[in-house]
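Source file: target_36.cif (mmCIF, C-alpha atoms)
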data_entry
loop_
_atom_site.label_atom_id
_atom_site.label_comp_id
_atom_site.auth_asym_id
_atom_site.auth_seq_id
_atom_site.Cartn_x
_atom_site.Cartn_y
_atom_site.Cartn_z
CA MET A 38 0.00 0.00 0.00
CA ALA A 39 2.84 2.40 0.75
CA ILE A 40 5.24 3.73 -1.83
CA VAL A 41 8.77 4.93 -1.13
CA ARG A 42 9.40 8.24 -2.84
CA ARG A 43 11.17 11.51 -2.15
CA VAL A 44 9.51 14.79 -3.09
CA CYS A 45 11.53 16.81 -5.60
CA MET A 46 11.02 20.06 -7.45
CA HIS A 47 13.45 20.84 -10.27
CA GLY A 48 15.91 18.33 -8.80
CA PHE A 49 15.93 19.96 -5.35
CA ILE A 50 15.18 17.78 -2.34
CA LEU A 51 12.44 19.71 -0.61
CA ALA A 52 13.60 20.84 2.85
CA ALA A 53 10.24 21.58 4.43
CA ALA A 54 9.40 22.03 8.06
CA VAL A 55 7.61 19.02 9.47
CA SER A 56 5.51 18.25 12.48
CA LEU A 57 6.04 15.03 14.37
CA MET A 58 2.87 13.06 14.81
CA GLY A 59 4.31 9.98 16.46
CA ALA A 60 7.05 9.01 18.87
CA PHE A 61 9.87 6.52 19.09
CA ALA A 62 8.69 3.11 20.21
CA GLY A 63 11.71 2.60 22.49
CA CYS A 64 13.07 5.29 24.78
CA SER A 65 16.02 3.86 26.64
CA GLY A 66 18.99 1.54 26.39
CA ASN A 67 19.42 -0.36 23.16
CA GLU A 68 15.75 -1.06 22.61
CA PRO A 69 14.79 -1.04 18.93
CA THR A 70 13.00 2.09 17.75
CA SER A 71 10.54 2.74 14.98
CA PRO A 72 10.78 5.94 12.93
CA PRO A 73 8.35 8.73 13.78
CA VAL A 74 5.34 9.49 11.64
CA VAL A 75 5.94 12.82 9.95
CA THR A 76 3.36 15.14 8.42
CA ARG A 77 4.34 17.70 5.78
CA GLN A 78 1.63 20.16 4.78
CA SER A 79 1.98 20.86 1.08
CA SER A 80 -0.87 22.99 -0.31
CA VAL A 81 -3.86 25.11 0.71
CA VAL A 82 -7.16 26.21 -0.81
CA ALA A 83 -9.92 28.41 0.62
CA GLY A 84 -13.64 27.79 0.10
CA ASP A 85 -16.99 27.74 1.85
CA PHE A 86 -17.03 23.98 2.23
CA ASN A 87 -19.95 23.75 4.70
CA SER A 88 -22.12 26.38 3.02
CA ASP A 89 -22.42 28.68 6.03
CA GLY A 90 -21.32 31.81 4.22
CA ARG A 91 -17.79 31.88 5.67
CA LEU A 92 -14.58 30.73 4.05
CA ASP A 93 -12.95 27.56 5.34
CA LEU A 94 -9.51 26.11 4.58
CA ALA A 95 -8.41 22.77 3.15
CA ILE A 96 -4.83 21.57 3.47
CA SER A 97 -3.19 18.61 1.72
CA ALA A 98 -0.49 16.80 3.66
CA SER A 99 1.99 14.01 3.02
CA ILE A 100 2.41 11.35 5.70
CA SER A 101 5.64 9.38 5.99
CA THR A 102 7.52 7.15 8.37
CA GLY A 103 11.21 6.77 7.70
CA SER A 104 11.57 6.60 3.92
CA THR A 105 8.07 5.21 3.37
CA PHE A 106 5.16 7.39 2.34
CA LEU A 107 1.69 6.49 3.59
CA PRO A 108 -1.67 7.59 2.17
CA GLY A 109 -1.95 11.35 2.46
CA LYS A 110 -4.51 13.46 4.25
CA VAL A 111 -6.77 16.39 3.49
CA THR A 112 -7.61 18.45 6.56
CA VAL A 113 -10.51 20.88 6.42
CA TYR A 114 -10.48 23.72 8.96
CA PHE A 115 -13.96 25.18 9.47
CA GLN A 116 -14.46 28.78 10.39
CA ASP A 117 -16.59 29.43 13.47
CA SER A 118 -20.13 30.36 12.42
CA ALA A 119 -20.84 32.54 15.48
CA PRO A 120 -21.52 36.13 14.29
CA ALA A 121 -19.09 37.57 16.82
CA LEU A 122 -16.20 35.29 15.86
CA PRO A 123 -15.21 35.93 12.23
CA GLY A 124 -11.76 34.68 11.34
CA LEU A 125 -11.66 32.04 14.07
CA PHE A 126 -11.60 28.34 13.26
CA SER A 127 -13.37 26.06 15.71
CA LYS A 128 -13.02 22.55 14.30
CA ARG A 129 -11.26 20.43 11.73
CA THR A 130 -11.90 17.14 9.94
CA GLU A 131 -9.49 14.81 8.14
CA PHE A 132 -10.06 12.81 4.98
CA ASP A 133 -7.85 10.29 3.18
CA ALA A 134 -6.22 11.12 -0.14
CA GLY A 135 -3.58 9.54 -2.38
CA ILE A 136 0.07 9.11 -1.46
CA ASP A 137 2.09 12.33 -1.10
CA PRO A 138 -0.56 14.85 -2.27
CA ALA A 139 1.53 17.73 -3.62
CA HIS A 140 -1.32 20.08 -4.51
CA ILE A 141 -4.98 20.65 -3.63
CA ALA A 142 -7.70 22.44 -5.58
CA GLY A 143 -11.30 23.26 -4.74
CA ALA A 144 -14.11 23.45 -7.30
CA ASP A 145 -17.71 22.34 -7.73
CA VAL A 146 -17.09 19.55 -10.22
CA ASN A 147 -20.48 17.82 -10.00
CA GLY A 148 -22.75 20.85 -10.18
CA ASP A 149 -24.47 20.55 -6.79
CA GLY A 150 -23.44 24.04 -5.67
CA LEU A 151 -20.86 22.80 -3.14
CA PRO A 152 -17.07 22.99 -3.62
CA ASP A 153 -15.37 19.62 -3.92
CA LEU A 154 -11.70 18.86 -3.28
CA LEU A 155 -9.10 17.44 -5.64
CA THR A 156 -5.49 16.47 -4.98
CA ALA A 157 -2.57 15.78 -7.31
CA ASN A 158 -0.75 12.84 -5.71
CA PHE A 159 2.98 12.82 -6.46
CA GLY A 160 3.63 9.53 -4.69
CA SER A 161 0.80 7.43 -6.14
CA ASP A 162 0.87 8.93 -9.67
CA SER A 163 -2.78 9.83 -9.43
CA VAL A 164 -5.51 12.37 -8.79
CA SER A 165 -7.98 12.05 -5.91
CA VAL A 166 -11.48 13.51 -6.16
CA LEU A 167 -13.36 14.07 -2.88
CA LEU A 168 -16.98 15.04 -3.51
CA ASN A 169 -18.76 17.19 -0.94
CA ASP A 170 -21.73 15.47 0.71
CA PRO A 171 -24.84 17.57 -0.11
CA VAL A 172 -26.67 16.09 2.88
CA ARG A 173 -23.86 17.12 5.24
CA PRO A 174 -21.97 19.98 3.59
CA GLY A 175 -18.38 20.01 4.74
CA SER A 176 -18.21 16.23 4.90
CA PHE A 177 -16.65 14.52 1.92
CA PHE A 178 -17.25 11.12 0.40
CA PRO A 179 -14.25 8.77 0.26
CA ALA A 180 -11.73 9.80 -2.36
CA VAL A 181 -11.99 8.33 -5.84
CA ASP A 182 -8.53 7.94 -7.36
CA TYR A 183 -7.62 8.26 -11.03
CA PRO A 184 -4.23 6.61 -11.72
CA GLY A 185 -1.77 6.79 -14.59
CA ILE A 186 -0.43 10.34 -14.07
CA PRO A 187 3.29 10.02 -13.24
CA ALA A 188 4.50 12.21 -10.37
CA SER A 189 1.37 14.39 -10.31
CA ARG A 190 2.37 17.86 -9.15
CA SER A 191 -0.46 20.31 -9.69
CA ILE A 192 -4.10 20.36 -10.76
CA ALA A 193 -6.30 22.95 -12.50
CA VAL A 194 -10.05 22.80 -13.11
CA GLY A 195 -11.94 24.17 -16.11
CA ASP A 196 -14.12 23.25 -19.08
CA LEU A 197 -11.64 21.88 -21.62
CA ASN A 198 -14.01 20.42 -24.22
CA ARG A 199 -16.86 22.94 -24.29
CA ASP A 200 -19.54 20.69 -22.85
CA GLY A 201 -20.23 22.96 -19.88
CA LEU A 202 -18.68 20.56 -17.37
CA PRO A 203 -15.45 21.11 -15.40
CA ASP A 204 -12.50 18.98 -16.51
CA LEU A 205 -9.03 18.52 -15.01
CA ALA A 206 -5.56 19.47 -16.24
CA VAL A 207 -2.78 17.88 -14.21
CA ALA A 208 0.90 18.82 -14.34
CA ALA A 209 3.09 15.70 -14.26
CA SER A 210 6.64 14.55 -14.85
CA ASP A 211 6.17 14.05 -18.59
CA GLY A 212 3.53 16.62 -19.53
CA ILE A 213 -0.02 17.77 -18.89
CA TYR A 214 -2.70 15.13 -18.40
CA ILE A 215 -6.33 15.92 -19.18
CA LEU A 216 -9.24 14.14 -17.56
CA PHE A 217 -12.59 14.96 -19.13
CA GLN A 218 -15.66 14.77 -16.96
CA ASN A 219 -18.08 11.96 -17.77
CA PRO A 220 -21.33 13.73 -18.76
CA ASN A 221 -23.31 10.62 -17.83
CA ALA A 222 -21.93 10.43 -14.29
CA ARG A 223 -21.34 13.89 -12.88
CA GLY A 224 -18.27 14.23 -10.74
CA THR A 225 -16.48 11.29 -12.37
CA PHE A 226 -13.78 11.49 -15.02
CA THR A 227 -12.52 9.57 -18.02
CA ALA A 228 -9.06 8.04 -18.23
CA PRO A 229 -6.29 10.64 -18.52
CA PHE A 230 -4.51 11.41 -21.77
CA ARG A 231 -1.25 13.26 -22.14
CA LEU A 232 -0.11 16.47 -23.76
CA ALA A 233 3.66 16.16 -23.95
CA ILE A 234 5.99 18.91 -22.84
CA ALA A 235 9.77 18.54 -22.76
CA GLY A 236 11.05 18.04 -19.23
CA GLY A 237 7.56 17.69 -17.80
CA ALA A 238 5.37 20.28 -16.08
CA PHE A 239 5.32 21.61 -12.53
CA SER A 240 2.10 23.61 -12.60
CA ALA A 241 -0.96 24.15 -14.79
CA ALA A 242 -3.56 26.90 -15.20
CA ILE A 243 -6.62 27.17 -17.44
CA GLY A 244 -7.87 30.25 -19.28
CA ASP A 245 -8.70 31.71 -22.69
CA LEU A 246 -5.25 32.84 -23.78
CA ASP A 247 -6.01 33.77 -27.38
CA GLY A 248 -9.37 35.51 -27.09
CA ASP A 249 -11.43 32.96 -29.02
CA GLY A 250 -13.72 32.13 -26.10
CA ILE A 251 -12.21 28.67 -25.65
CA ALA A 252 -10.14 27.49 -22.70
CA ASP A 253 -6.41 26.95 -23.19
CA ILE A 254 -3.74 25.60 -20.81
CA ALA A 255 -0.60 27.29 -19.50
CA ALA A 256 2.10 25.10 -17.96
CA ALA A 257 5.25 25.86 -15.99
CA GLY A 258 7.82 23.69 -17.74
CA ARG A 259 11.38 22.88 -16.78
CA ASP A 260 12.89 25.97 -18.40
CA MET A 261 9.97 27.83 -19.98
CA VAL A 262 6.22 28.40 -19.97
CA GLY A 263 4.28 26.27 -22.44
CA VAL A 264 0.85 27.27 -23.76
CA PHE A 265 -1.43 24.65 -25.25
CA PHE A 266 -4.03 26.38 -27.41
CA GLN A 267 -7.28 24.52 -27.91
CA ASN A 268 -8.28 23.66 -31.47
CA ARG A 269 -11.25 25.80 -32.50
CA LEU A 270 -12.63 23.06 -34.72
CA ILE A 271 -12.03 19.98 -32.54
CA ARG A 272 -13.29 20.16 -29.01
CA GLY A 273 -10.80 19.01 -26.41
CA ALA A 274 -7.90 18.86 -28.87
CA PHE A 275 -4.84 21.01 -28.27
CA SER A 276 -1.88 22.27 -30.27
CA LEU A 277 1.72 21.48 -29.48
CA PRO A 278 2.89 23.87 -26.79
CA ALA A 279 4.03 27.34 -27.74
CA SER A 280 7.09 28.17 -25.68
CA PHE A 281 7.73 31.44 -23.83
CA ALA A 282 10.77 32.32 -21.73
CA ALA A 283 10.35 33.06 -18.02
CA GLY A 284 12.87 33.04 -15.15
CA ILE A 285 15.11 30.30 -13.73
CA ASN A 286 13.19 27.06 -13.15
CA PRO A 287 9.50 28.01 -13.41
CA ASN A 288 7.57 26.28 -10.64
CA ALA A 289 4.06 27.73 -10.58
CA VAL A 290 1.86 29.54 -13.08
CA ALA A 291 -1.31 31.64 -12.83
CA ILE A 292 -3.56 33.30 -15.41
CA ALA A 293 -5.14 36.75 -14.95
CA ASP A 294 -5.72 40.01 -16.81
CA ILE A 295 -2.84 41.69 -15.04
CA ASP A 296 -2.68 44.97 -16.99
CA ARG A 297 -6.47 45.27 -17.40
CA ASP A 298 -6.48 45.44 -21.19
CA GLY A 299 -9.13 42.73 -21.52
CA LEU A 300 -6.60 40.03 -22.44
CA LEU A 301 -5.41 37.30 -20.10
CA ASP A 302 -1.76 37.34 -19.08
CA ILE A 303 0.51 34.84 -17.30
CA ALA A 304 2.34 35.17 -13.98
CA VAL A 305 5.08 32.72 -13.01
CA ALA A 306 6.93 31.91 -9.79
CA ASN A 307 10.50 30.92 -10.68
CA ILE A 308 12.16 28.82 -7.99
CA GLY A 309 15.69 29.96 -8.87
CA ALA A 310 18.98 28.19 -9.43
CA ALA A 311 20.36 25.08 -7.73
CA PRO A 312 21.27 24.41 -5.05
CA ASP A 313 19.74 27.20 -2.95
CA GLY A 314 17.09 28.82 -5.14
CA SER A 315 19.11 31.97 -5.70
CA GLY A 316 18.08 34.24 -8.55
CA ALA A 317 14.40 33.54 -7.91
CA THR A 318 11.96 35.90 -9.60
CA ILE A 319 8.37 36.32 -10.59
CA SER A 320 7.79 36.67 -14.31
CA VAL A 321 4.91 38.59 -15.84
CA LEU A 322 4.11 37.73 -19.45
CA LEU A 323 1.67 40.29 -20.83
CA GLN A 324 -0.34 39.30 -23.85
CA ASP A 325 0.58 41.25 -26.96
CA PRO A 326 -2.54 43.24 -27.92
CA ARG A 327 -1.33 43.47 -31.50
CA HIS A 328 -0.97 39.70 -31.79
CA VAL A 329 -3.55 38.05 -29.56
CA GLY A 330 -2.31 34.68 -28.32
CA ASN A 331 1.28 35.81 -28.30
CA PHE A 332 3.09 37.20 -25.26
CA LEU A 333 5.57 40.01 -24.86
CA PRO A 334 9.00 39.21 -23.37
CA ALA A 335 8.71 38.49 -19.67
CA SER A 336 9.23 41.22 -17.10
CA ASN A 337 11.11 39.66 -14.20
CA PHE A 338 10.89 40.97 -10.63
CA ASN A 339 13.38 39.89 -7.98
CA ASN A 340 12.00 37.68 -5.24
CA PRO A 341 13.47 35.92 -2.17
CA LYS A 342 15.15 32.58 -2.83
CA GLY A 343 13.05 29.57 -3.78
CA ALA A 344 9.79 31.01 -5.13
CA ARG A 345 7.42 28.03 -4.92
CA ASN A 346 3.89 29.24 -5.51
CA LEU A 347 1.90 32.37 -6.23
CA ALA A 348 -1.62 33.78 -6.16
CA VAL A 349 -2.98 36.73 -8.13
CA SER A 350 -5.65 39.03 -6.67
CA ASP A 351 -6.33 42.73 -6.13
CA LEU A 352 -5.08 43.12 -2.57
CA ASN A 353 -5.35 46.88 -2.08
CA ASP A 354 -8.65 47.59 -3.86
CA ASP A 355 -7.17 49.79 -6.59
CA GLY A 356 -8.62 47.68 -9.39
CA PHE A 357 -5.27 46.17 -10.43
CA PRO A 358 -4.27 42.55 -9.66
CA ASP A 359 -1.36 42.08 -7.28
CA ILE A 360 0.83 39.01 -6.73
CA THR A 361 1.54 37.05 -3.55
CA VAL A 362 4.49 34.64 -3.56
CA ALA A 363 5.46 31.82 -1.17
CA SER A 364 9.22 31.27 -1.00
CA THR A 365 11.26 28.59 0.77
CA GLU A 366 14.95 28.01 0.14
CA PRO A 367 15.76 24.49 -1.09
CA ARG A 368 17.98 22.46 1.23
CA SER A 369 17.67 25.01 4.00
CA GLN A 370 16.13 25.18 7.45
CA ASN A 371 15.76 28.96 7.20
CA PRO A 372 12.22 30.25 7.65
CA GLY A 373 10.45 31.10 4.45
CA VAL A 374 9.04 34.40 3.22
CA ILE A 375 5.69 35.63 1.93
CA SER A 376 6.21 38.44 -0.59
CA VAL A 377 3.47 40.84 -1.68
CA PHE A 378 4.01 42.60 -4.99
CA LEU A 379 1.56 45.48 -5.38
CA GLN A 380 1.01 46.56 -8.96
CA ASN A 381 1.94 50.08 -9.95
CA PRO A 382 -1.36 51.54 -11.23
CA ALA A 383 0.57 54.27 -13.06
CA ALA A 384 2.40 51.61 -15.09
CA PRO A 385 0.07 48.60 -15.58
CA GLY A 386 1.90 45.31 -15.65
CA ASN A 387 4.72 46.62 -13.48
CA PHE A 388 5.11 46.01 -9.78
CA LEU A 389 6.51 47.90 -6.82
CA LEU A 390 9.24 46.45 -4.62
CA PRO A 391 7.70 43.66 -2.55
CA ALA A 392 6.75 43.77 1.09
CA SER A 393 8.06 40.68 2.90
CA TYR A 394 6.39 38.86 5.77
CA GLN A 395 8.48 36.40 7.77
CA GLY A 396 7.73 33.99 10.55
CA GLY A 397 8.43 30.45 11.64
CA PHE A 398 6.76 28.99 8.61
CA THR A 399 7.91 27.15 5.51
CA PRO A 400 5.55 28.43 2.82
CA LEU A 401 5.05 26.19 -0.18
CA SER A 402 1.55 27.34 -1.10
CA VAL A 403 -0.64 30.43 -0.67
CA ALA A 404 -4.32 31.21 -1.17
CA ILE A 405 -6.24 34.48 -1.10
CA GLY A 406 -9.65 35.11 0.46
CA ASP A 407 -11.56 37.31 2.89
CA LEU A 408 -11.16 35.15 5.97
CA ASN A 409 -12.69 37.50 8.54
CA GLY A 410 -15.56 39.10 6.65
CA ASP A 411 -14.20 42.66 6.62
CA GLY A 412 -14.29 42.93 2.84
CA LYS A 413 -10.49 42.83 2.58
CA PRO A 414 -8.60 39.87 1.06
CA ASP A 415 -6.26 38.00 3.40
CA ILE A 416 -3.37 35.61 2.70
CA VAL A 417 -3.38 31.95 3.76
CA ILE A 418 -0.19 29.90 4.14
CA GLN A 419 -0.39 26.11 3.95
CA GLU A 420 1.82 25.35 6.92
CA ARG A 421 0.03 24.94 10.29
CA PRO A 422 -1.98 26.70 8.47
CA GLY A 423 -1.52 30.40 9.06
CA ILE A 424 -3.27 33.60 7.98
CA LEU A 425 -1.92 37.07 7.31
CA PHE A 426 -4.96 39.25 7.94
CA GLN A 427 -5.02 42.52 6.06
CA ASN A 428 -4.84 45.73 8.05
CA PRO A 429 -8.17 47.37 7.14
CA ARG A 430 -6.70 50.84 7.71
CA THR A 431 -3.79 50.38 5.30
CA PRO A 432 -4.86 48.56 2.12
CA GLY A 433 -2.35 45.99 0.91
CA ILE A 434 -0.52 45.81 4.25
CA PHE A 435 -0.87 42.73 6.45
CA PHE A 436 -0.56 41.90 10.11
CA ASN A 437 1.78 39.19 11.39
CA GLU A 438 0.76 35.57 10.95
CA VAL A 439 -2.07 34.12 13.01
CA VAL A 440 -1.80 30.34 13.34
CA VAL A 441 -5.09 28.55 12.67
CA GLY A 442 -4.24 25.03 13.78
CA PRO A 443 -1.48 22.71 14.89
#

What does the file become when written as structure tokens?
Amino acid sequence: MAIVRRVCMHGFILAAAVSLMGAFAGCSGNEPTSPPVVTRQSSVVAGDFNSDGRLDLAISASISTGSTFLPGKVTVYFQDSAPALPGLFSKRTEFDAGIDPAHIAGADVNGDGLPDLLTANFGSDSVSVLLNDPVRPGSFFPAVDYPGIPASRSIAVGDLNRDGLPDLAVAASDGIYILFQNPNARGTFTAPFRLAIAGGAFSAAIGDLDGDGIADIAAAGRDMVGVFFQNRLIRGAFSLPASFAAGINPNAVAIADIDRDGLLDIAVANIGAAPDGSGATISVLLQDPRHVGNFLPASNFNNPKGARNLAVSDLNDDGFPDITVASTEPRSQNPGVISVFLQNPAAPGNFLLPASYQGGFTPLSVAIGDLNGDGKPDIVIQERPGILFQNPRTPGIFFNEVVVGP
């Protein structure tokens, strides 16, 4: 049942902070010992999972003992529903997932109005789909696993064949795998098929990148960003990837209209160079308005070492998307950094020097959402997890981390 595997990104052994969940079996003398059970929280998503009008959090976590990985976990942290307690989390529930779930996504894949959970499982070469229970919102049915996706790293959700149903695009060691939803059994998916990309993919995002009204796929590849444009005549068929330069070792990709010209752009977190993640940047690839579907040369903005993940959202209510980056140095025990790049509204597509937020965390994943109901977006970090609440008096500035759970 267990698979031995080490988690790698761009050839770096991931030095993440861990929490010990077990203890040595023997404590004295020469008694034999068993290795501790270790939990490593890998990814976070925010959503109203119990339909009470307040955002909750879901965290994917890898479980290992010694060099052996066990089935992973998804932990859902529920926000307290008491009117006087916004931003407090009163309970949590765990659900099983595949082995070594590297990434989690939330989306209503079966059309019942409730967000479901999906994990990309690096260790079991699969995707897990956990459907929300409509009778007991916030409870999830046992995971259904879809195998055959080698070293699954990231998952994106969107309609990829124009049938009105959400499909899956999964970044894997040898490309992007697409799983179409079965229209005759909502919430289930057909066998995956591969779109090849040299060196594999580390992240995927879905959006209309050429203005034809049809979803395309952007992928963070080993040394570039690949864009798979969907064929206008054949639903669910995609071109060979168009290649665009980014920074050193792209690790995560997001799609948004960054410069507000009505065309979708691409933002990339570049992990940096081996062995320590130095030279990390974020890249912004603006779409060329004169040649829709093509992108201008990347603008690169310096970032702390080891940029792992990013989220794009308007953080200071000026109408322009900003970028939040989670950075952790490879092969280091140094605490990580959350960087907030506010866009310069006087120069759309350009960003001010980042504000950095440090603590005792090892950020590998971030999510954005209004976690305390004040109308201001906050930042969620996967580890523990933790929240950087926005200071309502100074838009785009955040308080120190508040830890939600152990």

For the file shown, report as a PDB file with C-alpha atoms, in the frame of the given file the outcome of the PyMOL selection byres ((chain A and resi 195-201) around 6) at residue level.
ATOM      1  CA  VAL A 194     -10.050  22.800 -13.110  1.00  0.00           C
ATOM      2  CA  LEU A 202     -18.680  20.560 -17.370  1.00  0.00           C
ATOM      3  CA  PRO A 203     -15.450  21.110 -15.400  1.00  0.00           C
ATOM      4  CA  ASP A 204     -12.500  18.980 -16.510  1.00  0.00           C
ATOM      5  CA  ALA A 252     -10.140  27.490 -22.700  1.00  0.00           C
ATOM      6  CA  ARG A 272     -13.290  20.160 -29.010  1.00  0.00           C
ATOM      7  CA  GLY A 273     -10.800  19.010 -26.410  1.00  0.00           C
TER       8      GLY A 273
END

Pick out the residues sitting within 8 Å of segment 169-178 of chain A, and hand them over as a list of chain:residue names; count all atoms listed in the file, and ignore anything fewer than 4 positions along from it in its own chain. A:Phe86, A:Asn87, A:Ser88, A:Phe132, A:Asp149, A:Leu151, A:Pro152, A:Asp153, A:Leu154

Please, could you write that set of residues out with C-alpha atoms as a JSON list (two decimals), in the coordinates of the input?
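Saved the output as again_1.json:
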[["chain", "number", "residue", "atom", "x", "y", "z"],
["A", 86, "PHE", "CA", -17.03, 23.98, 2.23],
["A", 87, "ASN", "CA", -19.95, 23.75, 4.70],
["A", 88, "SER", "CA", -22.12, 26.38, 3.02],
["A", 132, "PHE", "CA", -10.06, 12.81, 4.98],
["A", 149, "ASP", "CA", -24.47, 20.55, -6.79],
["A", 151, "LEU", "CA", -20.86, 22.80, -3.14],
["A", 152, "PRO", "CA", -17.07, 22.99, -3.62],
["A", 153, "ASP", "CA", -15.37, 19.62, -3.92],
["A", 154, "LEU", "CA", -11.70, 18.86, -3.28]]

So what does the PyMOL selection byres ((chain A and resi 428) around 12) actually pick up in this one, as a ChimeraX atom specification? /A:352-353,407,409,411-416,425-427,429-438

Quick check, in Å to one decimal: how far apart do atom CA of Gly373 of chain A and atom CA of Thr399 of chain A lie? 4.8 Å

Report, in Å to a single decimal, how far apart atom CA of Val417 of chain A and atom CA of Val403 of chain A are.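 So the two atoms, atom CA of Val403 of chain A and atom CA of Val417 of chain A, lie 5.4 Å apart.
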
Run the PyMOL selection byres ((chain A and resi 157-159) around 10) mentally over the shown coordinates, then write out the matched residues as a ChimeraX atom specification, using the chain letters and numbers from the document. /A:42-45,97,99,108-109,134-142,155-156,160-166,182-184,186-193,207-210

Find the residues around Leu379 of chain A up to 6 Å (only C-alpha atoms counted), leave out those fewer than 4 positions away in its own chain, and share them as JSON, numbers by chain. {"A": [359, 388, 389]}

Export of prior selection with C-alpha atoms as a compact mmCIF listing (two decimals), in the frame of the given file:
# COMPACT_ATOMS: atom_id res chain seq x y z
CA ASP A 359 -1.36 42.08 -7.28
CA PHE A 388 5.11 46.01 -9.78
CA LEU A 389 6.51 47.90 -6.82

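Of the listed residues A:Gly90, A:Gly406, A:Pro179, A:Pro358, the one whose atoms come nearest to Arg297 of chain A is A:Pro358, with distances taken using only C-alpha atoms.
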
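Taking atom CA of Ser71 of chain A and atom CA of Glu420 of chain A as endpoints, the distance between them is 25.5 Å.
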
Distance criterion (only C-alpha atoms): nearest to Thr76 of chain A out of A:Ile100, A:Arg91, A:Ala242, A:Ile251: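 Looking only at the distances to Thr76 of chain A, the closest residue turns out to be A:Ile100.
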
Restricting to all atoms listed in the file, whichever of A:Ala291, A:Ala144, A:Val377, A:Ala384 is closest to Val262 of chain A is A:Ala291

Got a sec: who's within 12 Å of Gln324 of chain A, counting all atoms listed in the file, leaving out chain neighbours fewer than 2 positions off, as a CSV table (one decimal) with C-alpha atoms, keeping the file's coordinate frame?
chain,number,residue,atom,x,y,z
A,245,ASP,CA,-8.7,31.7,-22.7
A,246,LEU,CA,-5.2,32.8,-23.8
A,247,ASP,CA,-6.0,33.8,-27.4
A,248,GLY,CA,-9.4,35.5,-27.1
A,281,PHE,CA,7.7,31.4,-23.8
A,292,ILE,CA,-3.6,33.3,-15.4
A,293,ALA,CA,-5.1,36.8,-15.0
A,294,ASP,CA,-5.7,40.0,-16.8
A,295,ILE,CA,-2.8,41.7,-15.0
A,296,ASP,CA,-2.7,45.0,-17.0
A,297,ARG,CA,-6.5,45.3,-17.4
A,298,ASP,CA,-6.5,45.4,-21.2
A,299,GLY,CA,-9.1,42.7,-21.5
A,300,LEU,CA,-6.6,40.0,-22.4
A,301,LEU,CA,-5.4,37.3,-20.1
A,302,ASP,CA,-1.8,37.3,-19.1
A,303,ILE,CA,0.5,34.8,-17.3
A,304,ALA,CA,2.3,35.2,-14.0
A,321,VAL,CA,4.9,38.6,-15.8
A,322,LEU,CA,4.1,37.7,-19.4
A,326,PRO,CA,-2.5,43.2,-27.9
A,327,ARG,CA,-1.3,43.5,-31.5
A,328,HIS,CA,-1.0,39.7,-31.8
A,329,VAL,CA,-3.6,38.0,-29.6
A,330,GLY,CA,-2.3,34.7,-28.3
A,331,ASN,CA,1.3,35.8,-28.3
A,332,PHE,CA,3.1,37.2,-25.3
A,333,LEU,CA,5.6,40.0,-24.9
A,334,PRO,CA,9.0,39.2,-23.4
A,335,ALA,CA,8.7,38.5,-19.7
A,336,SER,CA,9.2,41.2,-17.1
A,386,GLY,CA,1.9,45.3,-15.6

Considering all atoms listed in the file, tabulate each residue of segment 216-239 of chain A that lies at most 12 Å from segment 145-148 of chain A along with its nearest interatomic pair and the corresponding distance in Å to one decimal; arrange the rows by chain and ascending residue number and present them as a Markdown table.
| residue | atom | partner | partner_atom | distance |
| --- | --- | --- | --- | --- |
| A:Phe217 | CA | A:Val146 | CA | 11.0 |
| A:Gln218 | CA | A:Val146 | CA | 8.4 |
| A:Asn219 | CA | A:Asn147 | CA | 10.0 |
| A:Pro220 | CA | A:Asn147 | CA | 9.7 |
| A:Asn221 | CA | A:Asn147 | CA | 11.0 |
| A:Ala222 | CA | A:Asn147 | CA | 8.7 |
| A:Arg223 | CA | A:Asn147 | CA | 4.9 |
| A:Gly224 | CA | A:Asn147 | CA | 4.3 |
| A:Thr225 | CA | A:Asn147 | CA | 8.0 |
| A:Phe226 | CA | A:Val146 | CA | 9.9 |

Which one is closest to Leu277 of chain A: A:Leu122, A:Ala241, A:Ala233, A:Leu347? Count only C-alpha atoms. A:Ala233

Here is a test: counting only C-alpha atoms, which residue of A:Ala274, A:Leu205, A:Leu216, A:Asp85 is nearest to Ser118 of chain A?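 Residue with the minimum atom-to-atom distance to Ser118 of chain A: A:Asp85.
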
Which is closest to Tyr114 of chain A among A:Ala235, A:Val440, A:Leu94, A:Ile285, if we use all atoms listed in the file?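 The answer is A:Leu94, which sits nearest to Tyr114 of chain A.
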
Taking (-4.1, 26.0, -28.7) as a centre in this file's frame and 8 Å as the limit, can you find every polymer residue with an atom that close, using only C-alpha atoms, and give them as number ranges by chain? A: 253-254, 264-268, 275-278

Taking N, CA and C atoms as the atom set, what does segment 348-352 of chain A look like once completed, written as a CSV table (one decimal), in the frame of the given file?
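Resulting contents of out15.csv:
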chain,number,residue,atom,x,y,z
A,348,ALA,N,-0.2,33.5,-6.0
A,348,ALA,CA,-1.6,33.8,-6.2
A,348,ALA,C,-1.8,35.2,-6.6
A,349,VAL,N,-2.8,35.4,-7.5
A,349,VAL,CA,-3.0,36.7,-8.1
A,349,VAL,C,-4.3,37.2,-7.7
A,350,SER,N,-4.4,38.4,-7.1
A,350,SER,CA,-5.6,39.0,-6.7
A,350,SER,C,-5.4,40.5,-6.4
A,351,ASP,N,-6.4,41.3,-6.5
A,351,ASP,CA,-6.3,42.7,-6.1
A,351,ASP,C,-6.4,42.9,-4.6
A,352,LEU,N,-5.2,43.1,-4.0
A,352,LEU,CA,-5.1,43.1,-2.6
A,352,LEU,C,-5.3,44.5,-1.9
